[in-house]
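K.L.:
Okay, so here is model-v8.txt, and as you'll see once you scroll down, it has compact mmCIF, C-alpha atoms.
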```
# COMPACT_ATOMS: atom_id res chain seq x y z
CA MET A 1 0.00 0.00 0.00
CA THR A 2 2.85 2.39 0.84
CA SER A 3 4.38 1.92 -2.60
CA LEU A 4 0.99 2.41 -4.24
CA ASP A 5 0.47 5.62 -2.28
CA ALA A 6 3.91 6.86 -3.34
CA TRP A 7 3.17 6.21 -7.01
CA ALA A 8 -0.17 7.96 -6.60
CA GLY A 9 1.71 10.98 -5.24
CA LEU A 10 4.08 10.92 -8.21
CA ALA A 11 1.21 10.62 -10.69
CA LEU A 12 -0.61 13.74 -9.50
CA PRO A 13 2.01 16.39 -10.44
CA ALA A 14 2.61 14.49 -13.68
CA ALA A 15 -1.10 14.72 -14.49
CA GLY A 16 -1.14 18.38 -13.48
CA GLY A 17 1.82 19.16 -15.71
CA LEU A 18 0.17 17.42 -18.64
CA LEU A 19 -3.01 19.43 -18.15
CA LEU A 20 -0.99 22.66 -18.08
CA LEU A 21 0.72 21.74 -21.33
CA LEU A 22 -2.64 21.00 -22.94
CA ALA A 23 -4.04 24.30 -21.66
CA ALA A 24 -1.02 26.19 -23.00
CA GLY A 25 -1.58 24.63 -26.42
CA LEU A 26 -5.16 25.89 -26.48
CA GLY A 27 -4.09 29.53 -26.27
CA PRO A 28 -4.88 32.17 -23.63
CA GLY A 29 -8.61 31.44 -23.52
CA ARG A 30 -11.27 33.56 -21.83
CA ARG A 31 -10.31 35.92 -19.03
CA HIS A 32 -12.30 35.59 -15.83
CA ALA A 33 -13.57 38.67 -14.07
CA ARG A 34 -12.77 37.38 -10.57
CA VAL A 35 -9.15 36.65 -11.45
CA THR A 36 -8.79 40.04 -13.15
CA ARG A 37 -10.30 41.76 -10.11
CA GLU A 38 -8.28 39.96 -7.44
CA GLY A 39 -5.14 39.29 -9.48
CA GLY A 40 -2.51 36.62 -9.13
CA THR A 41 0.54 36.47 -6.89
CA ALA A 42 4.08 35.16 -6.96
CA PHE A 43 2.70 31.86 -5.68
CA LEU A 44 -0.03 31.45 -8.30
CA GLY A 45 0.24 33.59 -11.42
CA GLU A 46 -2.74 35.35 -12.97
CA SER A 47 -2.29 33.62 -16.34
CA LEU A 48 -2.30 30.21 -14.68
CA MET A 49 -5.42 31.12 -12.71
CA HIS A 50 -7.24 32.19 -15.89
CA ARG A 51 -6.40 28.83 -17.48
CA GLY A 52 -7.50 26.99 -14.35
CA TYR A 53 -10.87 28.71 -14.26
CA ALA A 54 -11.36 28.01 -17.97
CA GLY A 55 -10.80 24.31 -17.31
CA ILE A 56 -13.18 24.38 -14.35
CA ASP A 57 -15.86 25.97 -16.54
CA GLY A 58 -15.52 23.07 -18.95
CA LEU A 59 -15.91 20.54 -16.15
CA ALA A 60 -18.93 22.47 -14.83
CA ARG A 61 -20.65 22.22 -18.20
CA ALA A 62 -19.95 18.49 -18.31
CA ALA A 63 -21.40 18.01 -14.81
CA LEU A 64 -24.54 19.92 -15.77
CA ARG A 65 -25.00 17.70 -18.82
CA LEU A 66 -24.88 14.71 -16.47
CA GLY A 67 -27.71 16.23 -14.46
CA TRP A 68 -25.68 17.18 -11.40
CA GLY A 69 -26.60 20.23 -9.31
CA ALA A 70 -24.27 22.83 -7.82
CA ASN A 71 -25.21 21.93 -4.23
CA THR A 72 -24.54 18.25 -4.92
CA VAL A 73 -21.02 19.10 -6.05
CA SER A 74 -20.55 21.35 -2.98
CA TRP A 75 -21.40 18.54 -0.57
CA LEU A 76 -19.32 16.05 -2.55
CA SER A 77 -16.38 18.45 -2.29
CA LEU A 78 -16.87 18.53 1.49
CA LEU A 79 -16.85 14.72 1.73
CA LEU A 80 -13.71 14.51 -0.40
CA GLY A 81 -12.06 17.10 1.85
CA LEU A 82 -13.02 15.08 4.93
CA ALA A 83 -11.54 11.95 3.36
CA ALA A 84 -8.38 13.91 2.50
CA GLY A 85 -8.07 14.92 6.15
CA PHE A 86 -8.20 11.29 7.23
CA GLY A 87 -5.62 10.46 4.55
CA LEU A 88 -3.25 13.12 5.88
CA ALA A 89 -3.79 11.96 9.47
CA GLY A 90 -2.92 8.40 8.48
CA GLY A 91 0.15 9.35 6.43
CA ARG A 92 -1.45 8.33 3.11
CA PHE A 93 -0.28 11.51 1.41
CA GLY A 94 -0.70 10.32 -2.18
CA LEU A 95 -4.32 9.41 -1.59
CA ALA A 96 -4.88 12.64 0.33
CA ALA A 97 -3.37 14.70 -2.49
CA TRP A 98 -5.76 13.21 -5.07
CA LEU A 99 -8.76 13.63 -2.78
CA LEU A 100 -7.79 17.22 -2.04
CA ALA A 101 -7.30 17.97 -5.74
CA LEU A 102 -10.75 16.56 -6.54
CA SER A 103 -12.27 18.51 -3.63
CA GLY A 104 -10.69 21.70 -4.97
CA LEU A 105 -12.08 21.03 -8.44
CA GLY A 106 -15.52 20.53 -6.92
CA ASP A 107 -15.20 23.78 -5.01
CA GLY A 108 -14.51 25.64 -8.23
CA MET A 109 -17.16 23.79 -10.21
CA ASP A 110 -20.13 24.45 -7.92
CA GLY A 111 -19.93 28.22 -8.32
CA ALA A 112 -19.38 27.89 -12.08
CA MET A 113 -22.37 25.56 -12.34
CA ALA A 114 -24.60 27.98 -10.45
CA ARG A 115 -23.56 30.84 -12.73
CA LEU A 116 -24.13 28.77 -15.87
CA GLN A 117 -27.57 27.74 -14.61
CA GLY A 118 -28.44 31.26 -13.51
CA THR A 119 -29.09 29.99 -9.97
CA ALA A 120 -26.22 31.79 -8.20
CA SER A 121 -27.45 33.27 -4.92
CA ARG A 122 -26.19 34.69 -1.64
CA ARG A 123 -27.44 31.57 0.14
CA GLY A 124 -25.35 29.40 -2.15
CA ALA A 125 -22.33 31.65 -1.65
CA VAL A 126 -22.68 31.34 2.13
CA LEU A 127 -22.91 27.55 1.91
CA ASP A 128 -19.91 27.37 -0.41
CA SER A 129 -17.79 29.58 1.85
CA ALA A 130 -18.75 27.65 4.99
CA LEU A 131 -17.94 24.28 3.41
CA ASP A 132 -14.59 25.64 2.23
CA ARG A 133 -13.66 26.46 5.81
CA TYR A 134 -14.58 22.95 6.94
CA VAL A 135 -12.45 21.40 4.18
CA GLU A 136 -9.45 23.47 5.25
CA PHE A 137 -10.04 22.56 8.87
CA PHE A 138 -10.20 18.85 8.01
CA CYS A 139 -6.86 19.07 6.19
CA PHE A 140 -5.03 20.99 8.89
CA ALA A 141 -6.59 18.82 11.59
CA GLY A 142 -5.31 15.75 9.74
CA LEU A 143 -1.81 17.19 9.64
CA GLY A 144 -2.08 18.13 13.31
CA TRP A 145 -2.88 14.51 14.12
CA PHE A 146 -0.04 13.24 11.92
CA PHE A 147 2.43 15.48 13.80
CA ARG A 148 0.86 14.70 17.18
CA GLU A 149 4.19 13.66 18.71
CA SER A 150 5.57 17.20 18.33
CA ALA A 151 4.01 20.18 20.12
CA ALA A 152 6.12 22.57 18.01
CA LEU A 153 4.80 21.12 14.75
CA GLN A 154 1.24 21.19 16.05
CA LEU A 155 1.71 24.90 16.79
CA LEU A 156 2.96 25.33 13.22
CA VAL A 157 -0.20 23.65 11.93
CA LEU A 158 -2.33 25.98 14.07
CA ALA A 159 -0.41 29.02 12.79
CA ALA A 160 -1.06 27.93 9.19
CA LEU A 161 -4.74 27.34 9.94
CA PHE A 162 -5.11 30.70 11.70
CA GLY A 163 -3.40 32.59 8.86
CA SER A 164 -5.58 30.83 6.30
CA PHE A 165 -8.78 31.78 8.09
CA MET A 166 -7.62 35.38 8.59
CA VAL A 167 -6.94 35.83 4.88
CA THR A 168 -10.46 34.61 4.17
CA TYR A 169 -11.84 36.83 6.93
CA SER A 170 -10.23 39.91 5.38
CA THR A 171 -11.97 39.18 2.09
CA ALA A 172 -15.32 38.55 3.77
CA LYS A 173 -14.99 41.75 5.81
CA ALA A 174 -14.21 43.77 2.69
CA GLU A 175 -17.25 42.38 0.91
CA ALA A 176 -19.43 43.11 3.96
CA LEU A 177 -18.21 46.73 3.95
CA GLN A 178 -18.74 46.89 0.17
CA VAL A 179 -15.15 47.75 -0.67
CA ALA A 180 -12.82 45.97 -3.08
CA PRO A 181 -11.07 43.05 -1.30
CA PRO A 182 -7.39 43.92 -0.80
CA ARG A 183 -4.98 41.92 -2.91
CA GLY A 184 -2.54 39.63 -1.20
CA TRP A 185 -0.91 36.22 -1.06
CA MET A 186 -2.18 32.86 0.07
CA LYS A 187 -5.80 33.03 -0.97
CA ARG A 188 -7.63 29.72 -0.75
CA ALA A 189 -6.67 28.50 -4.22
CA GLU A 190 -3.00 29.07 -3.45
CA ARG A 191 -3.24 27.34 -0.08
CA MET A 192 -4.90 24.33 -1.66
CA VAL A 193 -2.24 24.14 -4.37
CA TRP A 194 0.51 24.20 -1.73
CA LEU A 195 -1.20 21.59 0.45
CA THR A 196 -2.03 19.32 -2.48
CA GLY A 197 1.39 19.64 -4.09
CA GLY A 198 3.16 19.21 -0.77
CA ALA A 199 1.22 16.05 0.01
CA ALA A 200 1.94 14.64 -3.46
CA VAL A 201 5.69 15.32 -3.21
CA ALA A 202 5.80 13.98 0.35
CA ALA A 203 4.18 10.77 -0.86
CA ALA A 204 6.55 10.35 -3.82
CA LEU A 205 9.87 11.08 -2.09
CA PRO A 206 10.12 7.63 -0.41
CA LEU A 207 10.48 6.18 -3.92
CA ALA A 208 13.87 7.96 -4.01
CA GLY A 209 14.72 6.93 -0.46
CA TYR A 210 13.85 10.22 1.23
CA SER A 211 11.32 11.13 3.90
CA GLY A 212 8.38 13.32 2.93
CA ARG A 213 8.03 14.89 6.39
CA PRO A 214 10.40 17.83 5.71
CA VAL A 215 8.34 18.77 2.66
CA LEU A 216 5.13 18.92 4.67
CA ILE A 217 6.83 20.95 7.39
CA ALA A 218 8.19 23.37 4.78
CA VAL A 219 4.75 23.76 3.18
CA LEU A 220 3.15 24.44 6.55
CA ALA A 221 5.85 27.01 7.35
CA ILE A 222 5.31 28.77 4.00
CA ILE A 223 1.55 28.90 4.50
CA ALA A 224 1.88 30.02 8.13
CA LEU A 225 4.35 32.79 7.31
CA PHE A 226 2.83 34.21 4.16
CA ALA A 227 -0.83 33.73 5.10
CA ASN A 228 -0.41 35.61 8.37
CA LEU A 229 1.71 38.29 6.72
CA SER A 230 -0.85 38.60 3.93
CA ALA A 231 -3.68 38.89 6.46
CA ILE A 232 -1.92 41.75 8.23
CA ILE A 233 -1.26 43.58 4.96
CA ARG A 234 -4.81 43.02 3.72
CA LEU A 235 -6.41 44.17 6.98
CA ARG A 236 -4.25 47.30 7.06
CA ALA A 237 -5.24 48.09 3.47
CA LEU A 238 -8.88 47.48 4.36
CA GLY A 239 -8.62 49.80 7.35
CA ARG A 240 -7.31 52.58 5.12
CA ALA A 241 -10.10 52.03 2.58
CA VAL A 242 -13.02 52.51 5.00
```
For the file at hand, write its structure as structure tokens.
P.N.:
Amino acid sequence: MTSLDAWAGLALPAAGGLLLLLAAGLGPGRRHARVTREGGTAFLGESLMHRGYAGIDGLARAALRLGWGANTVSWLSLLLGLAAGFGLAGGRFGLAAWLLALSGLGDGMDGAMARLQGTASRRGAVLDSALDRYVEFFCFAGLGWFFRESAALQLLVLAALFGSFMVTYSTAKAEALQVAPPRGWMKRAERMVWLTGGAAVAAALPLAGYSGRPVLIAVLAIIALFANLSAIIRLRALGRAV
């Protein structure tokens, strides 16, 4: 099982790279208003985000043709995130990476499906945002359990979780005050890319005779540092805007 999990971890970035090459061959594609409004960062470029949203739109159309609803995909994304948390807790990082990637796709698809159907609503946005927070909690809780023998690493997990929630809070607060959300690093898509990629690499490294733990610790440190720094910058910018 360990070897299978390691190969699963290796397969995910390979599949992601192939999809990026295919997207690059299709040209720039349509620009998405949300990406243009919020912009990209050094961690996740704007061009890459436009291509990602274009791919998600295609998957959303396919799901609608199958008769799926946006709320169904939202709840499925939650269940996949819960399963990913258990995978991380049990050290099955390859499995967790795939589950987290699928959960992230579902999170993007539900909003796209609602827009395509013309059923987007504030109630749906609230549900989507709440489920996103649960998925992140499941993942960080899983990592907290995995590192349960080290109080220092558990504090690092908590710092990453707190920074993640504060970045999201700054966006929600800006929207509540009806001002443009401040730009910054480590928005949810970036955090999910780091967590998913980190889990995949951590799973694959044993194939080369290395431990994946340092990779997970490094990813948590990056999220903790830049998410909290981003939250401070975003909240200061928000304070100046009101």
K.L.:
Which of these residues is nearest to Phe226 (chain A), using only C-alpha atoms: A:Pro206, A:Leu80, A:Gly184, A:Gly111?
P.N.:
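The closest residue to Phe226 (chain A) is A:Gly184.
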K.L.:
Have a look at A:Asp5, A:Glu149, A:Glu190, A:Glu136 and name the one nearest to Phe165 (chain A); count only C-alpha atoms.
P.N.:
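Checking each candidate against Phe165 (chain A), we get A:Glu136 as the closest.
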K.L.:
Go through A:Ala101, A:Ala54, A:Gln117, A:Val242 one by one, measure the shortest atom-to-atom distance of each to Gly197 (chain A) using all atoms listed in the file, and give the residue with the smallest value.
P.N.:
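Answer, going by the shortest atom-to-atom distance: A:Ala101.
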K.L.:
Could you name the residues that touch region 168-170 of chain A at 7 Å or less, counting all atoms listed in the file, but leaving out those on the same chain fewer than 6 positions away, as a ChimeraX atom specification?
P.N.:
/A:231,234-235
K.L.:
Calculate how many Å separate CA of Ala221 (chain A) from CA of Ala203 (chain A), rounding to one decimal.
P.N.:
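Separation of CA of Ala221 (chain A) and CA of Ala203 (chain A): 18.3 Å.
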K.L.:
Ranking A:Val157, A:Ala70, A:Leu18, A:Ala130 by minimum distance to Gly108 (chain A) and counting all atoms listed in the file, which one comes first?
P.N.:
A:Ala70
K.L.:
Out of A:Gly106, A:Gly163, A:Gly94, A:Gly81, which residue has the shortest atom-to-atom distance to Gly142 (chain A) when counting all atoms listed in the file?
P.N.:
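Closest to Gly142 (chain A) of all the choices is A:Gly81.
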K.L.:
One number please: CA of Leu229 (chain A) to CA of Arg183 (chain A), in Å, one decimal.
P.N.:
12.3 Å
K.L.:
Identify, on the basis of all atoms listed in the file, every residue whose closest approach to Val201 (chain A) does not exceed 9 Å; exclude the query and any residue fewer than 4 positions from it along the same chain; express the result as number ranges by chain.
P.N.:
A: 6, 9-10, 13, 93-94, 196-197, 205, 212, 215-216
K.L.:
When you count only C-alpha atoms, which of these residues is closest to Leu105 (chain A): A:Leu238, A:Cys139, A:Ala204, A:Asp132?
P.N.:
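Once distances to Leu105 (chain A) are computed over only C-alpha atoms, the minimum belongs to A:Asp132.
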K.L.:
Please report the interatomic distance between CA of Gly69 (chain A) and CA of Lys187 (chain A) in Å with one decimal.
P.N.:
25.8 Å
K.L.:
Residues within 10 Å of Ile217 (chain A), please, as a list in words. Count all atoms listed in the file; anything in the same chain fewer than 6 positions from it doesn't count.
P.N.:
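The residues that qualify are Leu143, Phe147, Leu153, Leu156, Val157, Gly198, Ala202 and Ile223 of chain A.
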